[in-house]
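Here the structure comes first, spelled out in structure tokens, and everything after it is commentary.
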Amino acid sequence: MIPAAASASSGPSRDHTLDLPDECLALIFQSLGSGDRKRCSLVCRRWLVVEGQGRHRLSLDARAALLEAVPSLFSRFDAVSKLALRCDRRSDSIGDEALAIISLRCPNLTRLKLRACRALTERGMAALAKNCPNLRKLSCGSCTFGAKGVEAVLQGCSLLEELSIKRLRGLSDASAEPVGPGAASSPLRSVCLKELYNGQCFAPLIAGSPNLKTLKLFRCSGDWDSLLEAIAEGVPGIVEIHLEKLQVSDRGLAALSSCADLEVLHLVKTPECTDAGLATLADKCRLLRKIHIDGWKTNRIGDEGLMAVAKRCLNLQELVLIGVNPTALSLGLIASNCRNLERLALCGSETFGDAEMSCIAAKCLALKKLCIKGCPVSDQGMEALAEGCPKLVKVKVKKCRGVTPEFADWLRASRGTLAVNLDAGGLIEQPDAALSESGILDDGALVDQIGSVELPSSSNGRSLPWKTRMAFLAGRNFFASTFRRWSHGSSNHNHS
């Protein structure tokens, strides 16, 4: 401490932060949490200005009252490049005037997220496109503007790379005009369409974007086979495809087989896709690394399709099978041929029993993560893990009645570095789980799709007992939490 006499003689204390350049002060603020940043902005006028000028990301409540605060708000935060505008669905949202002013105040905006902004029309989106030509990512959900609003952005934002559209209510008219790629055709890399009544009007946009790498189609109405043929012809270099609850058949999969660079495939609840379509796709798309299949218990994808994958897709690293019934015949071939398989998950498989588990343990030498849910496997089959899968670091088992807590204790004792998670006896997990490489066991985010796992009635038409179905639904988030942790470490190496 400074002696009192010395302190008195030195006069008033000096503010040493005045010696810091504004740039350094801004870097300090950027390392703080939201609450601390707000408190720092109240210290003095200089800190208020520097904190505002250094804030590049902003999330606002987009109710109609925001219009009055927009001028003063963006006078302070004049360097925002990432903006989220969210409105409560029961409230009136901002309209075209507010969005036009915001876009004028944020000329450097690169990312914009709009949620439930129902008062926005094509006029507001046109103003956005005019004032924010550097926009690279646009995500809009539950808005009421139509295809013309999206087309205005595509025409005015020539640097747009990612486009995500969910529940766009202005597309309810089946006669909506097709949306072309516009000026964004070359830079566009990712398109995601969710729950659109007339999503097929975006087919020209997708097919006209030659550098598109990621295509995600979720619960969009209409027949997509012919459109996938046009898309595959126009975008042969696509790397990642997600198809969920779409009217698509083997014809569509055959069309996608021309995308030889395909690495990630998600087929979720597409009951018209069969072994034949999967085999055709696997025959030509030999670079596949990740395959997620939710067969919806239709038994249309099974051993035949999976054996084709095993023979052609030797780079397979992650395989998720939900409502699919593979046997040791196909799983053994996958384990033998796909030497890089690191993550395997099976949910609701009626044929994955002790024989299949023993096969996996004996042949999957590179396997690191194993997740089993609702399968007829028992302690006897799981015992093979004590000696098999030498690189295994984590096992998750849920709703498998044949696996007991005593077995989990025994397996952990047998393999000291293995983390075991079993629902029947609570959490039984190796304390030193952090030893896994790349932080692969840490909580993270990967595949939200698995979070919606449902286990419908069995293929023979008989419904599962009521209590069993309720138990399955209670654990529906099990796969989501598992795979969010599992692939977090390796996702940085994926082709984006």
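If you're wondering about the labels, chains in the structure tokens are A, B, ... by order shown, residues count from 1 in each chain, ligands from 1 in order shown.
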Exercise. Write out as an NGL selection string all residues of range 99-218 of chain A that backbone DSSP assigns to strand (DSSP E or B).
Key: :A and (111-115 or 137-141 or 162-166 or 190-194 or 214-218)
Exercise. Find the residues around range 42-54 of chain A up to 9 Å (only C-alpha atoms counted), leave out those fewer than 2 positions away in its own chain, and share them as a PyMOL selection string.
Key: chain A and resi 22-23+25-27+29-30+37-40+56+74-80
I want to know what sits within 9 Å of range 332-334 of chain A, based on only C-alpha atoms, with residues of the same chain fewer than 2 positions away left out; could you give that as a PDB file with C-alpha atoms, in the first residue's frame?
```pdb
ATOM      1  CA  LEU A 306     -25.543 -51.193 -45.643  1.00  0.00           C
ATOM      2  CA  MET A 307     -23.412 -53.859 -47.308  1.00  0.00           C
ATOM      3  CA  VAL A 309     -21.978 -48.836 -48.137  1.00  0.00           C
ATOM      4  CA  ALA A 310     -19.407 -51.174 -46.594  1.00  0.00           C
ATOM      5  CA  LYS A 311     -18.054 -52.195 -49.991  1.00  0.00           C
ATOM      6  CA  LEU A 314     -14.232 -47.082 -47.134  1.00  0.00           C
ATOM      7  CA  LEU A 316     -16.763 -43.922 -43.335  1.00  0.00           C
ATOM      8  CA  THR A 327     -27.582 -57.835 -38.625  1.00  0.00           C
ATOM      9  CA  ALA A 328     -24.073 -59.134 -38.063  1.00  0.00           C
ATOM     10  CA  LEU A 329     -23.877 -59.708 -41.827  1.00  0.00           C
ATOM     11  CA  SER A 330     -23.820 -56.004 -42.743  1.00  0.00           C
ATOM     12  CA  SER A 336     -14.025 -55.022 -41.590  1.00  0.00           C
ATOM     13  CA  ASN A 337     -13.955 -52.638 -44.560  1.00  0.00           C
ATOM     14  CA  CYS A 338     -14.451 -49.223 -42.963  1.00  0.00           C
ATOM     15  CA  ARG A 339     -11.265 -49.135 -40.923  1.00  0.00           C
ATOM     16  CA  LEU A 341     -15.139 -45.891 -38.321  1.00  0.00           C
ATOM     17  CA  GLU A 356     -24.000 -58.063 -33.472  1.00  0.00           C
ATOM     18  CA  CYS A 359     -19.071 -58.599 -34.023  1.00  0.00           C
ATOM     19  CA  ILE A 360     -18.600 -54.858 -33.478  1.00  0.00           C
ATOM     20  CA  LYS A 363     -13.795 -55.939 -35.749  1.00  0.00           C
ATOM     21  CA  CYS A 364     -14.166 -52.180 -35.103  1.00  0.00           C
TER      22      CYS A 364
END
```
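Considering the residues A:Met125, A:Ile165, A:Ala366, A:Cys143 and counting only C-alpha atoms, Ile102 in chain A has its shortest atom-to-atom contact with A:Met125.
Near Leu365 in chain A, within 7 Å and counting only C-alpha atoms, sit Cys389, Pro390 and Lys391 of chain A; same-chain residues fewer than 5 positions away were not included.
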Write the residues of the preceding selection, restricted to all heavy atoms, as a PDB file, in the first residue's frame.
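Result file follows (again-v4.pdb):
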```
ATOM      1  N   CYS A 389     -12.458 -53.437 -29.398  1.00  0.00           N
ATOM      2  CA  CYS A 389     -12.430 -51.988 -29.655  1.00  0.00           C
ATOM      3  C   CYS A 389     -11.351 -51.302 -28.815  1.00  0.00           C
ATOM      4  O   CYS A 389     -11.654 -50.561 -27.868  1.00  0.00           O
ATOM      5  CB  CYS A 389     -13.786 -51.357 -29.373  1.00  0.00           C
ATOM      6  SG  CYS A 389     -15.138 -52.011 -30.360  1.00  0.00           S
ATOM      7  N   PRO A 390     -10.086 -51.505 -29.144  1.00  0.00           N
ATOM      8  CA  PRO A 390      -8.999 -51.000 -28.295  1.00  0.00           C
ATOM      9  C   PRO A 390      -8.961 -49.485 -28.135  1.00  0.00           C
ATOM     10  O   PRO A 390      -8.411 -48.989 -27.152  1.00  0.00           O
ATOM     11  CB  PRO A 390      -7.739 -51.511 -29.003  1.00  0.00           C
ATOM     12  CG  PRO A 390      -8.162 -51.764 -30.417  1.00  0.00           C
ATOM     13  CD  PRO A 390      -9.580 -52.213 -30.328  1.00  0.00           C
ATOM     14  N   LYS A 391      -9.548 -48.732 -29.073  1.00  0.00           N
ATOM     15  CA  LYS A 391      -9.506 -47.268 -28.990  1.00  0.00           C
ATOM     16  C   LYS A 391     -10.779 -46.669 -28.379  1.00  0.00           C
ATOM     17  O   LYS A 391     -10.918 -45.448 -28.318  1.00  0.00           O
ATOM     18  CB  LYS A 391      -9.283 -46.673 -30.382  1.00  0.00           C
ATOM     19  CG  LYS A 391      -7.922 -47.016 -30.976  1.00  0.00           C
ATOM     20  CD  LYS A 391      -7.713 -46.300 -32.298  1.00  0.00           C
ATOM     21  CE  LYS A 391      -6.327 -46.617 -32.879  1.00  0.00           C
ATOM     22  NZ  LYS A 391      -6.096 -45.908 -34.160  1.00  0.00           N
TER      23      LYS A 391
END
```
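In this comparison, which uses only C-alpha atoms, the residue of A:Cys313, A:Ala183, A:Val268, A:Leu287 approaching Lys216 in chain A most closely is A:Val268.
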Exercise. Just the residues within 8 Å of Glu229 in chain A, please, counting only C-alpha atoms, with nothing from its chain fewer than 2 positions along; format it as a PyMOL selection string.
Key: chain A and resi 225-227+231-233+252+255-256
Go ahead and write the selection's residues with N, CA and C atoms as a CSV table (one decimal), in the first residue's frame.
```csv
chain,number,residue,atom,x,y,z
A,225,ASP,N,-38.2,-35.6,-56.2
A,225,ASP,CA,-37.4,-36.4,-57.1
A,225,ASP,C,-36.9,-35.6,-58.3
A,226,SER,N,-37.8,-35.1,-59.1
A,226,SER,CA,-37.4,-34.4,-60.3
A,226,SER,C,-36.5,-33.2,-60.0
A,227,LEU,N,-36.8,-32.5,-58.9
A,227,LEU,CA,-36.0,-31.3,-58.6
A,227,LEU,C,-34.6,-31.7,-58.1
A,231,ILE,N,-31.1,-30.4,-59.5
A,231,ILE,CA,-30.1,-29.9,-58.6
A,231,ILE,C,-28.8,-30.6,-58.8
A,232,ALA,N,-28.8,-31.9,-58.8
A,232,ALA,CA,-27.6,-32.7,-58.9
A,232,ALA,C,-26.9,-32.4,-60.2
A,233,GLU,N,-27.6,-32.1,-61.3
A,233,GLU,CA,-27.0,-31.8,-62.6
A,233,GLU,C,-26.3,-30.4,-62.5
A,252,GLY,N,-34.6,-40.1,-56.6
A,252,GLY,CA,-33.9,-38.9,-56.1
A,252,GLY,C,-32.5,-39.3,-55.6
A,255,ALA,N,-30.3,-39.8,-58.5
A,255,ALA,CA,-29.8,-38.5,-59.1
A,255,ALA,C,-28.7,-37.9,-58.3
A,256,LEU,N,-28.7,-38.0,-57.0
A,256,LEU,CA,-27.7,-37.5,-56.1
A,256,LEU,C,-26.4,-38.3,-56.2
```
Exercise. Compile the contact shell of Glu177 in chain A as number ranges by chain: residues with an atom at most 12 Å away, counting only C-alpha atoms, same-chain residues fewer than 2 positions apart removed.
Key: A: 146-151, 170-175, 179-180, 198-205
Self-check item: Surrounding residues of range 382-384 of chain A excluding itself and chain neighbours under 5 positions, 7 Å, only C-alpha atoms, as a ChimeraX atom specification
Solution: /A:357-358,361
Mind dumping the selected residues with N, CA and C atoms as an mmCIF file, in the first residue's frame?
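Once written, again30.cif looks like this:
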```cif
data_model
loop_
_atom_site.group_PDB
_atom_site.id
_atom_site.type_symbol
_atom_site.label_atom_id
_atom_site.label_comp_id
_atom_site.auth_asym_id
_atom_site.auth_seq_id
_atom_site.Cartn_x
_atom_site.Cartn_y
_atom_site.Cartn_z
ATOM 1 N N MET A 357 -23.297 -57.217 -31.297
ATOM 2 C CA MET A 357 -22.402 -56.490 -30.398
ATOM 3 C C MET A 357 -21.029 -57.145 -30.368
ATOM 4 N N SER A 358 -20.991 -58.449 -30.322
ATOM 5 C CA SER A 358 -19.711 -59.163 -30.325
ATOM 6 C C SER A 358 -18.956 -58.926 -31.625
ATOM 7 N N ALA A 361 -17.415 -55.439 -31.452
ATOM 8 C CA ALA A 361 -16.280 -55.413 -30.526
ATOM 9 C C ALA A 361 -15.047 -56.068 -31.125
#
```
